[in-house]
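Colleague: If it helps, the file is called protein36.txt and holds compact mmCIF, C-alpha atoms:
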# COMPACT_ATOMS: atom_id res chain seq x y z
CA MET R 970 -22.75 97.02 -1.22
CA SER R 971 -24.77 99.03 1.27
CA ALA R 972 -23.26 101.68 3.52
CA ALA R 973 -24.49 100.00 6.72
CA PRO R 974 -21.78 99.01 9.23
CA PRO R 975 -20.38 95.50 8.60
CA HIS R 976 -21.90 93.94 11.71
CA GLU R 977 -25.39 95.12 10.74
CA ARG R 978 -24.99 93.66 7.27
CA PHE R 979 -23.95 90.40 8.93
CA LEU R 980 -26.95 90.37 11.25
CA THR R 981 -29.45 90.83 8.43
CA ARG R 982 -27.92 88.00 6.43
CA HIS R 983 -29.47 84.56 6.26
CA SER R 984 -26.48 82.25 5.75
CA PHE R 985 -26.76 79.90 2.78
CA ILE R 986 -23.67 77.93 3.83
CA GLU R 987 -25.29 76.95 7.11
CA LEU R 988 -28.34 75.48 5.34
CA PRO R 989 -28.55 71.75 4.66
CA ALA R 990 -29.09 70.69 1.03
CA ARG R 991 -32.90 70.48 1.23
CA GLU R 992 -33.18 74.00 2.65
CA ARG R 993 -30.70 75.31 0.09
CA ALA R 994 -32.91 73.98 -2.73
CA ARG R 995 -35.93 75.54 -1.05
CA ALA R 996 -34.10 78.89 -0.79
CA ILE R 997 -33.27 78.91 -4.52
CA LEU R 998 -36.79 78.07 -5.70
CA ASP R 999 -39.70 80.54 -5.66
CA ALA R 1000 -41.59 80.54 -2.34
CA ASP R 1001 -43.83 77.49 -1.85
CA SER R 1002 -42.89 75.95 -5.22
CA PHE R 1003 -40.50 73.30 -3.78
CA ARG R 1004 -41.52 69.72 -4.61
CA GLU R 1005 -39.00 66.97 -3.89
CA LEU R 1006 -38.48 63.97 -6.16
CA LEU R 1007 -37.04 60.73 -4.76
CA GLY R 1008 -37.04 62.07 -1.21
CA PRO R 1009 -35.84 60.35 1.97
CA PHE R 1010 -38.94 58.14 2.28
CA ASP R 1011 -38.25 56.62 -1.14
CA ARG R 1012 -35.14 55.25 0.58
CA LEU R 1013 -33.00 55.21 -2.52
CA LYS R 1014 -29.80 54.60 -0.55
CA SER R 1015 -26.33 53.50 -1.51
CA PRO R 1016 -26.25 49.68 -1.63
CA TRP R 1017 -22.44 49.81 -1.44
CA LEU R 1018 -21.71 51.82 1.73
CA PRO R 1019 -23.22 49.33 4.27
CA LEU R 1020 -21.19 46.51 2.68
CA GLN R 1021 -18.12 48.53 3.69
CA GLY R 1022 -19.40 49.31 7.17
CA VAL R 1023 -20.51 52.86 6.40
CA VAL R 1024 -23.97 54.09 7.40
CA ALA R 1025 -26.04 55.11 4.35
CA GLN R 1026 -28.34 58.14 4.15
CA SER R 1027 -31.95 57.79 3.00
CA ASP R 1028 -31.51 60.20 0.06
CA ASP R 1029 -27.83 59.31 -0.58
CA GLY R 1030 -26.90 62.94 0.02
CA VAL R 1031 -28.65 64.47 -2.99
CA VAL R 1032 -31.89 66.44 -2.97
CA ILE R 1033 -33.73 66.75 -6.29
CA ALA R 1034 -36.48 69.36 -6.28
CA ARG R 1035 -38.81 70.65 -8.96
CA GLY R 1036 -40.27 74.10 -8.59
CA ARG R 1037 -40.09 77.54 -10.17
CA ILE R 1038 -37.42 80.21 -10.51
CA GLY R 1039 -38.76 83.64 -11.41
CA GLY R 1040 -42.02 81.90 -12.27
CA ARG R 1041 -40.40 79.49 -14.77
CA PRO R 1042 -40.22 75.69 -14.32
CA ALA R 1043 -36.93 74.65 -12.75
CA VAL R 1044 -35.14 71.67 -11.26
CA VAL R 1045 -32.54 71.97 -8.51
CA ALA R 1046 -30.03 69.26 -7.62
CA ALA R 1047 -28.54 70.05 -4.22
CA ILE R 1048 -25.64 68.02 -2.82
CA GLU R 1049 -25.44 67.57 0.97
CA GLY R 1050 -21.83 68.33 1.89
CA ALA R 1051 -22.23 66.98 5.43
CA PHE R 1052 -22.89 63.40 4.23
CA GLN R 1053 -19.67 61.69 3.12
CA GLY R 1054 -18.19 65.03 1.99
CA GLY R 1055 -20.89 65.40 -0.65
CA SER R 1056 -19.26 62.55 -2.52
CA ILE R 1057 -20.87 61.23 -5.68
CA GLY R 1058 -21.83 57.57 -5.57
CA GLU R 1059 -23.86 55.42 -7.92
CA VAL R 1060 -27.22 56.50 -6.50
CA SER R 1061 -26.51 60.17 -5.72
CA GLY R 1062 -24.81 60.64 -9.10
CA SER R 1063 -27.64 58.91 -10.94
CA LYS R 1064 -30.17 61.15 -9.19
CA VAL R 1065 -28.36 64.26 -10.50
CA ALA R 1066 -27.84 62.78 -13.98
CA GLY R 1067 -31.45 61.55 -14.15
CA ALA R 1068 -32.83 64.94 -13.12
CA LEU R 1069 -30.74 66.67 -15.79
CA GLU R 1070 -31.70 64.12 -18.45
CA LEU R 1071 -35.42 64.55 -17.68
CA ALA R 1072 -34.98 68.34 -17.89
CA LEU R 1073 -33.26 67.82 -21.25
CA ARG R 1074 -36.18 65.72 -22.49
CA ASP R 1075 -38.61 68.46 -21.46
CA CYS R 1076 -36.45 71.09 -23.19
CA GLU R 1077 -36.37 69.02 -26.40
CA ARG R 1078 -40.17 68.85 -26.30
CA GLY R 1079 -40.40 72.62 -26.16
CA ARG R 1080 -41.04 72.85 -22.40
CA PRO R 1081 -37.87 74.47 -21.01
CA VAL R 1082 -36.83 73.51 -17.49
CA LEU R 1083 -34.11 75.58 -15.82
CA PRO R 1084 -31.43 73.36 -14.21
CA VAL R 1085 -29.51 74.55 -11.14
CA LEU R 1086 -26.73 72.57 -9.45
CA LEU R 1087 -25.83 73.32 -5.83
CA LEU R 1088 -22.35 71.79 -5.74
CA GLU R 1089 -20.83 70.89 -2.39
CA THR R 1090 -18.69 67.88 -3.10
CA GLY R 1091 -15.27 66.34 -2.86
CA GLY R 1092 -15.98 64.50 -6.13
CA VAL R 1093 -16.39 60.79 -6.64
CA ARG R 1094 -17.17 58.60 -3.61
CA LEU R 1095 -14.10 56.41 -3.29
CA GLN R 1096 -16.12 53.48 -1.88
CA GLU R 1097 -18.10 53.35 -5.13
CA ALA R 1098 -15.24 54.14 -7.48
CA ASN R 1099 -16.09 53.52 -11.12
CA LEU R 1100 -19.86 53.51 -10.55
CA GLY R 1101 -19.62 57.06 -9.20
CA LEU R 1102 -17.26 58.12 -12.00
CA ALA R 1103 -19.70 56.72 -14.60
CA ALA R 1104 -22.50 58.78 -13.06
CA ILE R 1105 -20.28 61.88 -13.09
CA ALA R 1106 -19.62 61.33 -16.81
CA GLU R 1107 -23.40 61.16 -17.35
CA ILE R 1108 -23.76 64.45 -15.44
CA HIS R 1109 -21.13 66.08 -17.68
CA ALA R 1110 -22.84 64.84 -20.84
CA ALA R 1111 -26.25 66.05 -19.62
CA ILE R 1112 -24.91 69.54 -18.78
CA VAL R 1113 -23.34 69.90 -22.24
CA ALA R 1114 -26.57 68.75 -23.93
CA LEU R 1115 -28.81 70.93 -21.73
CA ARG R 1116 -26.90 74.17 -22.12
CA ARG R 1117 -27.81 74.26 -25.83
CA HIS R 1118 -31.40 74.83 -24.67
CA VAL R 1119 -31.20 76.68 -21.35
CA PRO R 1120 -28.51 78.21 -19.14
CA VAL R 1121 -27.17 75.61 -16.68
CA VAL R 1122 -26.39 77.40 -13.43
CA GLY R 1123 -23.93 76.07 -10.85
CA VAL R 1124 -23.47 77.37 -7.32
CA VAL R 1125 -20.46 76.60 -5.09
CA ALA R 1126 -21.16 78.13 -1.68
CA GLY R 1127 -18.82 76.28 0.72
CA MET R 1128 -17.57 75.08 3.05
CA VAL R 1129 -16.83 71.75 1.34
CA GLY R 1130 -16.19 73.33 -2.04
CA CYS R 1131 -16.23 71.50 -5.33
CA PHE R 1132 -13.47 69.11 -6.36
CA GLY R 1133 -12.57 66.19 -8.59
CA GLY R 1134 -14.89 65.16 -11.39
CA MET R 1135 -17.56 67.50 -10.11
CA SER R 1136 -15.21 70.49 -10.52
CA LEU R 1137 -15.42 69.64 -14.22
CA ALA R 1138 -19.23 69.69 -13.92
CA ALA R 1139 -18.93 73.16 -12.35
CA ALA R 1140 -16.64 74.26 -15.18
CA LEU R 1141 -19.16 73.02 -17.78
CA CYS R 1142 -21.98 75.17 -16.38
CA THR R 1143 -23.13 78.17 -18.43
CA THR R 1144 -22.84 80.34 -15.33
CA LEU R 1145 -20.96 79.57 -12.12
CA ILE R 1146 -21.76 81.44 -8.91
CA VAL R 1147 -19.35 81.32 -5.95
CA THR R 1148 -18.95 82.84 -2.49
CA ARG R 1149 -15.67 83.87 -0.83
CA GLN R 1150 -15.93 80.70 1.27
CA ALA R 1151 -16.15 78.46 -1.83
CA ARG R 1152 -13.23 76.46 -3.16
CA LEU R 1153 -13.01 75.07 -6.66
CA GLY R 1154 -10.28 72.80 -7.98
CA MET R 1155 -9.45 69.43 -9.44
CA ASN R 1156 -7.45 67.98 -6.53
CA GLY R 1157 -8.24 68.96 -2.97
CA PRO R 1158 -5.40 70.45 -0.87
CA GLU R 1159 -5.05 67.31 1.28
CA VAL R 1160 -4.66 65.15 -1.82
CA ILE R 1161 -1.97 67.44 -3.24
CA GLU R 1162 -0.07 67.47 0.06
CA GLN R 1163 -0.30 63.68 0.31
CA GLU R 1164 0.85 63.05 -3.25
CA ALA R 1165 3.40 65.86 -3.77
CA GLY R 1166 4.57 66.57 -0.23
CA ILE R 1167 4.15 69.42 2.21
CA ALA R 1168 6.85 71.44 0.40
CA GLU R 1169 4.47 71.60 -2.57
CA LEU R 1170 1.39 72.57 -0.56
CA ASP R 1171 0.61 72.82 3.15
CA SER R 1172 -3.06 71.84 3.32
CA THR R 1173 -3.41 73.35 6.82
CA ASP R 1174 -2.53 76.84 5.54
CA HIS R 1175 -6.06 78.11 4.96
CA ALA R 1176 -5.06 81.57 3.75
CA LEU R 1177 -2.81 79.97 1.13
CA ILE R 1178 -5.46 77.43 0.05
CA TRP R 1179 -8.14 80.09 -0.42
CA SER R 1180 -5.69 82.39 -2.23
CA LEU R 1181 -5.18 79.58 -4.76
CA VAL R 1182 -8.58 77.92 -5.16
CA GLY R 1183 -10.95 80.18 -3.19
CA GLY R 1184 -14.06 81.74 -4.69
CA GLU R 1185 -12.62 85.26 -4.79
CA GLN R 1186 -9.54 84.13 -6.72
CA ARG R 1187 -11.58 81.96 -9.09
CA HIS R 1188 -13.85 84.91 -9.82
CA ALA R 1189 -10.97 87.39 -10.21
CA THR R 1190 -9.27 85.11 -12.74
CA GLY R 1191 -12.44 84.58 -14.78
CA LEU R 1192 -13.03 80.95 -13.75
CA ALA R 1193 -16.30 81.83 -12.00
CA ASP R 1194 -18.89 84.35 -13.20
CA ALA R 1195 -20.35 85.86 -10.05
CA LEU R 1196 -19.03 86.39 -6.53
CA VAL R 1197 -21.79 86.79 -3.93
CA ASP R 1198 -22.01 87.11 -0.16
CA ASP R 1199 -23.03 84.09 1.91
CA ASP R 1200 -26.67 85.19 1.94
CA ALA R 1201 -29.53 82.93 0.85
CA GLU R 1202 -31.53 85.76 -0.73
CA ALA R 1203 -28.47 87.23 -2.51
CA ILE R 1204 -27.61 83.80 -3.96
CA ALA R 1205 -31.23 83.15 -5.01
CA ALA R 1206 -31.32 86.59 -6.69
CA GLN R 1207 -28.05 85.84 -8.50
CA VAL R 1208 -29.51 82.50 -9.72
CA ARG R 1209 -32.67 84.30 -10.94
CA SER R 1210 -30.52 86.69 -12.94
CA ALA R 1211 -28.25 83.89 -14.24
CA VAL R 1212 -31.15 81.88 -15.71
CA GLU R 1213 -31.97 84.92 -17.88
CA ARG R 1214 -28.42 85.24 -19.14
CA VAL R 1215 -27.45 83.64 -22.44
CA ALA R 1216 -23.68 83.24 -22.39
CA SER R 1217 -20.98 81.32 -24.20
CA PRO R 1218 -19.96 78.57 -21.77
CA ARG R 1219 -16.37 78.82 -20.58
CA SER R 1220 -15.59 75.35 -21.91
CA GLU R 1221 -16.39 76.51 -25.46
CA GLN R 1222 -13.84 79.36 -25.24
CA VAL R 1223 -11.01 77.00 -26.07
CA GLU R 1224 -8.71 79.44 -27.89
CA CYS R 1225 -8.98 82.02 -25.14
CA PHE R 1226 -8.01 79.53 -22.45
CA LEU R 1227 -5.20 78.01 -24.51
CA GLU R 1228 -3.75 81.53 -24.85
CA ARG R 1229 -4.04 82.04 -21.12
CA LEU R 1230 -2.26 78.78 -20.39
CA ALA R 1231 0.46 79.63 -22.92
CA SER R 1232 1.19 82.84 -20.97
CA ILE R 1233 2.26 80.81 -17.93
CA ASP R 1234 5.59 79.11 -17.30
CA PRO R 1235 4.78 75.92 -15.30
CA GLY R 1236 8.40 75.81 -14.09
CA ASN R 1237 7.95 79.23 -12.52
CA PRO R 1238 4.23 79.53 -11.74
CA PRO R 1239 2.85 82.99 -10.88
CA GLU R 1240 1.78 83.89 -7.35
CA PRO R 1241 -2.03 84.17 -6.89
CA ARG R 1242 -1.90 87.97 -7.12
CA ALA R 1243 0.21 87.91 -10.27
CA LEU R 1244 -2.23 85.44 -11.80
CA ARG R 1245 -5.05 87.90 -11.17
CA ALA R 1246 -3.17 90.54 -13.16
CA LEU R 1247 -2.31 88.04 -15.89
CA TRP R 1248 -5.80 86.56 -16.16
CA ALA R 1249 -7.83 89.63 -15.21
CA ARG R 1250 -11.48 89.25 -16.09
CA GLU R 1251 -12.73 91.52 -18.84
CA ASP R 1252 -15.29 93.18 -16.59
CA ALA R 1253 -12.69 93.81 -13.85
CA GLY R 1254 -13.86 96.47 -11.46
CA GLY R 1255 -17.46 95.40 -11.93
CA HIS R 1256 -17.45 93.66 -8.56
CA MET B 1383 -21.67 49.47 11.92
CA GLU B 1384 -24.45 48.00 14.04
CA VAL B 1385 -28.23 47.64 13.62
CA LEU B 1386 -30.44 47.83 16.72
CA ASN B 1387 -34.21 47.36 16.97
CA PHE B 1388 -36.56 48.54 19.72
CA THR B 1389 -40.34 48.35 20.27
CA TYR B 1390 -42.42 50.52 22.60
CA PRO B 1391 -46.14 50.63 23.47
CA ALA B 1392 -48.10 53.46 21.85
CA ARG B 1393 -51.41 55.16 22.64
CA GLN B 1394 -52.15 57.37 19.64
CA PRO B 1395 -51.75 57.09 15.88
CA VAL B 1396 -49.26 59.20 13.96
CA ALA B 1397 -50.85 61.03 11.02
CA GLN B 1398 -47.89 61.97 8.85
CA ARG B 1399 -44.23 61.40 8.15
CA VAL B 1400 -41.31 63.60 9.07
CA HIS B 1401 -37.64 63.66 8.08
CA VAL B 1402 -34.99 65.61 10.01
CA GLY B 1403 -31.21 65.61 10.24
CA VAL B 1404 -28.28 64.42 8.18
CA VAL B 1405 -25.88 61.46 8.42
CA GLY B 1406 -22.99 63.85 9.06
CA SER B 1407 -20.20 63.69 11.61
CA GLY B 1408 -21.71 63.71 15.12
CA ASP B 1409 -25.20 63.87 13.67
CA LEU B 1410 -27.95 61.54 12.48
CA GLU B 1411 -31.11 61.50 10.39
CA VAL B 1412 -34.55 60.51 11.67
CA LEU B 1413 -37.32 59.19 9.43
CA LEU B 1414 -40.59 59.06 11.36
CA GLU B 1415 -43.79 57.67 9.80
CA PRO B 1416 -47.02 55.92 10.82
CA SER B 1417 -46.41 52.48 12.34
CA PRO B 1418 -47.99 49.46 10.60
CA ASP B 1419 -49.37 48.29 14.00
CA GLN B 1420 -50.26 49.59 17.47
CA HIS B 1421 -46.67 49.89 18.63
CA ALA B 1422 -43.77 52.23 18.08
CA HIS B 1423 -40.80 50.67 16.32
CA VAL B 1424 -37.29 52.07 16.18
CA ALA B 1425 -34.60 50.76 13.84
CA VAL B 1426 -31.18 52.26 14.53
CA THR B 1427 -28.24 51.90 12.16
CA THR B 1428 -25.17 53.35 13.86
CA SER B 1429 -21.55 53.75 12.84
CA VAL B 1430 -20.41 53.21 16.44
CA ASP B 1431 -20.56 49.63 17.75
CA GLY B 1432 -21.27 48.54 21.31
CA PHE B 1433 -23.60 51.29 22.53
CA GLY B 1434 -26.89 49.34 22.54
CA ALA B 1435 -27.42 49.98 26.27
CA VAL B 1436 -27.00 53.76 25.81
CA TRP B 1437 -29.44 53.78 22.88
CA LYS B 1438 -31.97 51.94 25.08
CA ILE B 1439 -31.63 54.54 27.86
CA VAL B 1440 -32.08 57.45 25.44
CA LEU B 1441 -35.08 55.83 23.70
CA ASP B 1442 -36.69 54.77 27.03
CA ARG B 1443 -36.57 58.40 28.10
CA PHE B 1444 -37.91 59.66 24.75
CA PHE B 1445 -40.85 57.21 24.82
CA SER B 1446 -41.68 58.14 28.41
CA ARG B 1447 -42.95 61.40 26.86
CA PHE B 1448 -43.94 60.37 23.32
CA ALA B 1449 -46.83 57.94 22.84
CA GLY B 1450 -47.23 57.98 19.05
CA ALA B 1451 -47.44 54.73 17.05
CA ALA B 1452 -44.50 55.66 14.86
CA ALA B 1453 -42.06 53.65 12.79
CA ILE B 1454 -38.77 55.45 13.32
CA GLU B 1455 -35.61 54.84 11.31
CA ILE B 1456 -32.41 56.36 12.64
CA ASN B 1457 -29.24 56.52 10.58
CA ASP B 1458 -26.50 57.61 12.97
CA PHE B 1459 -22.99 58.87 12.32
CA GLY B 1460 -21.67 59.11 15.85
CA ALA B 1461 -24.19 61.49 17.43
CA THR B 1462 -23.96 61.95 21.21
CA PRO B 1463 -27.03 61.02 23.31
CA GLY B 1464 -27.89 64.73 23.61
CA VAL B 1465 -27.92 65.20 19.85
CA VAL B 1466 -29.99 62.02 19.42
CA MET B 1467 -32.61 63.38 21.84
CA LEU B 1468 -32.62 66.82 20.16
CA ARG B 1469 -33.18 65.28 16.72
CA LEU B 1470 -36.01 63.06 18.05
CA GLU B 1471 -37.65 66.06 19.70
CA GLN B 1472 -37.21 68.08 16.51
CA ALA B 1473 -39.01 65.30 14.60
CA VAL B 1474 -41.92 65.35 17.07
CA GLU B 1475 -42.05 69.16 16.98
CA THR B 1476 -42.20 69.06 13.17
CA LEU B 1477 -44.91 66.39 13.39
CA HIS B 1478 -47.08 68.66 15.57
CA ARG B 1479 -46.49 71.80 13.53
What is this structure when it is put down as structure tokens?
Modeller:
Amino acid sequence: MSAAPPHERFLTRHSFIELPARERARAILDADSFRELLGPFDRLKSPWLPLQGVVAQSDDGVVIARGRIGGRPAVVAAIEGAFQGGSIGEVSGSKVAGALELALRDCERGRPVLPVLLLETGGVRLQEANLGLAAIAEIHAAIVALRRHVPVVGVVAGMVGCFGGMSLAAALCTTLIVTRQARLGMNGPEVIEQEAGIAELDSTDHALIWSLVGGEQRHATGLADALVDDDAEAIAAQVRSAVERVASPRSEQVECFLERLASIDPGNPPEPRALRALWAREDAGGH
Amino acid sequence: MEVLNFTYPARQPVAQRVHVGVVGSGDLEVLLEPSPDQHAHVAVTTSVDGFGAVWKIVLDRFFSRFAGAAAIEINDFGATPGVVMLRLEQAVETLHR
């Protein structure tokens, strides 16, 4: 962190959260290397939304871009959170899965492609139900296969966050980058309130929600690897460093996480702060 | 959901295609590309029914200043007339950049 006054740091920032998906992908890739696949003019839309009276988007809310990161071939899948909450339908999910599967094929042929997922999604698109879930399963399988060859980097910037089946995709990534504005969890706060009642969770209590599933908490408890400011260049720099980092994916550290779970009494769950002490990351103090 | 089609006379060809916007709440996306004939064509898909007359007023005003033979697809998610006009002008600005 620089010593400049906070407002000056703010003014020099170029917000990543405020960027739409296409510009986010452009910001992650090396300058002038962005090349979109299956763009809006290919009109690969959801065939299911109009049948249910919902206006479709020409790219189904996912931008797939080839380009370079630190000079190396890369593919970015960026989800547009403003379209249908970034929900994963048959087409948008297949675009992500297809991009990852093609990257895998290149990796297997000795031509590594670095995959980056910009996750801004409530999870499966309810209007497309099982078709979206099937695509999400394909995304999971592709991430697990790919990370044997190259680091798979996920970014959750906000403000939608990353929920449902796609939170599992985030958890499968080799490296997960979050901002303070990010949220990461299986069920969204509204769903929990609806199913378990307001006594369980008040979804309008933002401070409470972020203390539970916010990026800072997820990072402090070791469920995300890097916490960065909402700054396009800072996030791109973090991605460039993550693609160089060979790490054991969190989902392979089964014993470690079973031990962590065993240290918690579900009948008397710890407060967010207590959980930070209980699950402190090994490099605590590094951020 | 409603689909509306409009045709306007055009005086000059459009050389390239442009995409702006997002089908987000109160917003819309515009896909603008060369028209297959000498006219401008607009196909609007909107989530809000019953506003055909307002769309015509907004598009009449836009085409009083824009004479390109463009095929324009609009996918709208409840944008106000002001936002519609801003997105159309953004598309033209991007076209001329």
Colleague: Given the choices B:His1421, B:Arg1393, B:Arg1399, B:His1478, which gets closest to chain R if the distance is worked out from only C-alpha atoms?
Modeller: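 Answer, going by the shortest atom-to-atom distance: B:Arg1399.
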Colleague: Can you check which parts of chain B lie within 10 Å of chain R? Per residue, the shortest pair of atoms and distance in Å to one decimal, counting only C-alpha atoms, sorted by chain and number, as JSON lines.
Modeller:
{"residue": "B:Met1383", "atom": "CA", "partner": "R:Gly1022", "partner_atom": "CA", "distance": 5.3}
{"residue": "B:Glu1384", "atom": "CA", "partner": "R:Gly1022", "partner_atom": "CA", "distance": 8.6}
{"residue": "B:Val1385", "atom": "CA", "partner": "R:Val1024", "partner_atom": "CA", "distance": 9.9}
{"residue": "B:Arg1399", "atom": "CA", "partner": "R:Phe1010", "partner_atom": "CA", "distance": 8.5}
{"residue": "B:Val1400", "atom": "CA", "partner": "R:Phe1010", "partner_atom": "CA", "distance": 9.0}
{"residue": "B:His1401", "atom": "CA", "partner": "R:Pro1009", "partner_atom": "CA", "distance": 7.2}
{"residue": "B:Val1402", "atom": "CA", "partner": "R:Pro1009", "partner_atom": "CA", "distance": 9.6}
{"residue": "B:Gly1403", "atom": "CA", "partner": "R:Pro989", "partner_atom": "CA", "distance": 8.7}
{"residue": "B:Val1404", "atom": "CA", "partner": "R:Phe1052", "partner_atom": "CA", "distance": 6.8}
{"residue": "B:Val1405", "atom": "CA", "partner": "R:Phe1052", "partner_atom": "CA", "distance": 5.5}
{"residue": "B:Gly1406", "atom": "CA", "partner": "R:Phe1052", "partner_atom": "CA", "distance": 4.9}
{"residue": "B:Ser1407", "atom": "CA", "partner": "R:Ala1051", "partner_atom": "CA", "distance": 7.3}
{"residue": "B:Asp1409", "atom": "CA", "partner": "R:Ala1051", "partner_atom": "CA", "distance": 9.3}
{"residue": "B:Leu1410", "atom": "CA", "partner": "R:Gln1026", "partner_atom": "CA", "distance": 9.0}
{"residue": "B:Glu1411", "atom": "CA", "partner": "R:Gln1026", "partner_atom": "CA", "distance": 7.6}
{"residue": "B:Val1412", "atom": "CA", "partner": "R:Ser1027", "partner_atom": "CA", "distance": 9.5}
{"residue": "B:Leu1413", "atom": "CA", "partner": "R:Phe1010", "partner_atom": "CA", "distance": 7.4}
{"residue": "B:Leu1414", "atom": "CA", "partner": "R:Phe1010", "partner_atom": "CA", "distance": 9.3}
{"residue": "B:Glu1415", "atom": "CA", "partner": "R:Phe1010", "partner_atom": "CA", "distance": 9.0}
{"residue": "B:Thr1427", "atom": "CA", "partner": "R:Val1024", "partner_atom": "CA", "distance": 6.8}
{"residue": "B:Thr1428", "atom": "CA", "partner": "R:Val1024", "partner_atom": "CA", "distance": 6.6}
{"residue": "B:Ser1429", "atom": "CA", "partner": "R:Val1024", "partner_atom": "CA", "distance": 6.0}
{"residue": "B:Val1430", "atom": "CA", "partner": "R:Val1024", "partner_atom": "CA", "distance": 9.8}
{"residue": "B:Glu1455", "atom": "CA", "partner": "R:Ser1027", "partner_atom": "CA", "distance": 9.5}
{"residue": "B:Ile1456", "atom": "CA", "partner": "R:Gln1026", "partner_atom": "CA", "distance": 9.6}
{"residue": "B:Asn1457", "atom": "CA", "partner": "R:Val1024", "partner_atom": "CA", "distance": 6.6}
{"residue": "B:Asp1458", "atom": "CA", "partner": "R:Val1024", "partner_atom": "CA", "distance": 7.1}
{"residue": "B:Phe1459", "atom": "CA", "partner": "R:Val1024", "partner_atom": "CA", "distance": 6.9}
Colleague: The selected residues should be written to file as a compact mmCIF listing (two decimals), in the coordinates of the input (atoms: C-alpha atoms).
Modeller:
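Output saved as selection-v1.txt:
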# COMPACT_ATOMS: atom_id res chain seq x y z
CA MET B 1383 -21.67 49.47 11.92
CA GLU B 1384 -24.45 48.00 14.04
CA VAL B 1385 -28.23 47.64 13.62
CA ARG B 1399 -44.23 61.40 8.15
CA VAL B 1400 -41.31 63.60 9.07
CA HIS B 1401 -37.64 63.66 8.08
CA VAL B 1402 -34.99 65.61 10.01
CA GLY B 1403 -31.21 65.61 10.24
CA VAL B 1404 -28.28 64.42 8.18
CA VAL B 1405 -25.88 61.46 8.42
CA GLY B 1406 -22.99 63.85 9.06
CA SER B 1407 -20.20 63.69 11.61
CA ASP B 1409 -25.20 63.87 13.67
CA LEU B 1410 -27.95 61.54 12.48
CA GLU B 1411 -31.11 61.50 10.39
CA VAL B 1412 -34.55 60.51 11.67
CA LEU B 1413 -37.32 59.19 9.43
CA LEU B 1414 -40.59 59.06 11.36
CA GLU B 1415 -43.79 57.67 9.80
CA THR B 1427 -28.24 51.90 12.16
CA THR B 1428 -25.17 53.35 13.86
CA SER B 1429 -21.55 53.75 12.84
CA VAL B 1430 -20.41 53.21 16.44
CA GLU B 1455 -35.61 54.84 11.31
CA ILE B 1456 -32.41 56.36 12.64
CA ASN B 1457 -29.24 56.52 10.58
CA ASP B 1458 -26.50 57.61 12.97
CA PHE B 1459 -22.99 58.87 12.32
Colleague: Find the residues with any atom within 10 Å of (-31.3, 61.6, -11.4); use only C-alpha atoms and the coordinates as given in the file, and write the answer as an NGL selection string.
Modeller: :R and (1006-1007 or 1031-1033 or 1046 or 1060-1071 or 1104 or 1107-1108)
Colleague: What are the centre and the three edge lengths of an axis-aligned box that wraps all atoms of region 987-991 of chain R in the file, given that 8 Å is added to every side, written as AutoDock Vina command-line options and rounded to one decimal in Å?
Modeller:
--center_x -29.1 --center_y 73.7 --center_z 4.1 --size_x 23.6 --size_y 22.5 --size_z 22.1
Colleague: Excluding region 1079-1086 of chain R and residues on its chain fewer than 3 positions from it, collect all residues at most 10 Å away from it, counting only C-alpha atoms, and give them as a VMD selection string.
Modeller: chain R and resid 994 997 to 998 1033 to 1038 1041 to 1048 1065 1068 to 1069 1071 to 1076 1089 1112 1115 to 1116 1118 to 1125 1138 to 1139 1142 1144 to 1145 1208 1211 to 1213
Colleague: Mind giving me the straight-line distance from CA of Phe979 (chain R) to CA of Asp1200 (chain R) in Å, one decimal?
Modeller: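 It comes out at 9.1 Å.
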Colleague: Find the residues near Ile1439 (chain B): any atom within 10 Å, counting all atoms listed in the file, skip ones fewer than 5 places away on the same chain, and give them as a CSV table (one decimal) with C-alpha atoms, in the frame of the given file.
Modeller:
chain,number,residue,atom,x,y,z
B,1434,GLY,CA,-26.9,49.3,22.5
B,1444,PHE,CA,-37.9,59.7,24.8
B,1463,PRO,CA,-27.0,61.0,23.3
Colleague: If I take CA of Glu992 (chain R) and CA of Ala1201 (chain R), how far is one from the other in Å, to one decimal?
Modeller: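 Rounded to one decimal, the two atoms are 9.8 Å apart.
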Colleague: Can you work out which one of B:Leu1386, B:Ala1473, B:Val1466, B:Arg1479 has the shortest atom-to-atom distance to Gly1432 (chain B), counting all atoms listed in the file?
Modeller: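 Counting all atoms listed in the file, the residue closest to Gly1432 (chain B) is B:Leu1386.
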Colleague: If you count all atoms listed in the file, which residues fall within 9 Å of Arg1149 (chain R), apart from same-chain ones fewer than 6 positions away, as a list in words?
Modeller: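 Final neighbour list, sorted by chain and number: Ala1126, Gly1127, Trp1179, Gly1183, Gly1184, Glu1185, Gln1186, Leu1196, Val1197, Asp1198 and Asp1199 of chain R.
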Colleague: Figure out the distance between CA of Arg1094 (chain R) and CA of Gly1055 (chain R), please, to one decimal in Å.
Modeller: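 That distance, rounded to one decimal, is 8.3 Å.
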Colleague: Might you pull out every residue within 7 Å of Phe1132 (chain R), with only C-alpha atoms counted and same-chain residues fewer than 2 positions away left off, and present them as a list in words?
Modeller: Thr1090, Gly1091, Gly1092, Gly1130, Gly1134, Met1135, Ser1136, Leu1153, Gly1154, Met1155, Asn1156 and Gly1157 of chain R
Colleague: Pick from B:Thr1462, B:Phe1388, B:Val1474, B:Ala1397: nearest to Asp1442 (chain B), with all atoms listed in the file counted?
Modeller: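 Among the listed residues, B:Phe1388 lies closest to Asp1442 (chain B).
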Colleague: Need the shell around Val1093 (chain R): protein/DNA/RNA residues with any atom at most 6 Å away, counting all atoms listed in the file. Skip same-chain ones fewer than 6 positions apart. Format as an MDAnalysis selection string?
Modeller: chainID R and resid 1056:1057 1101
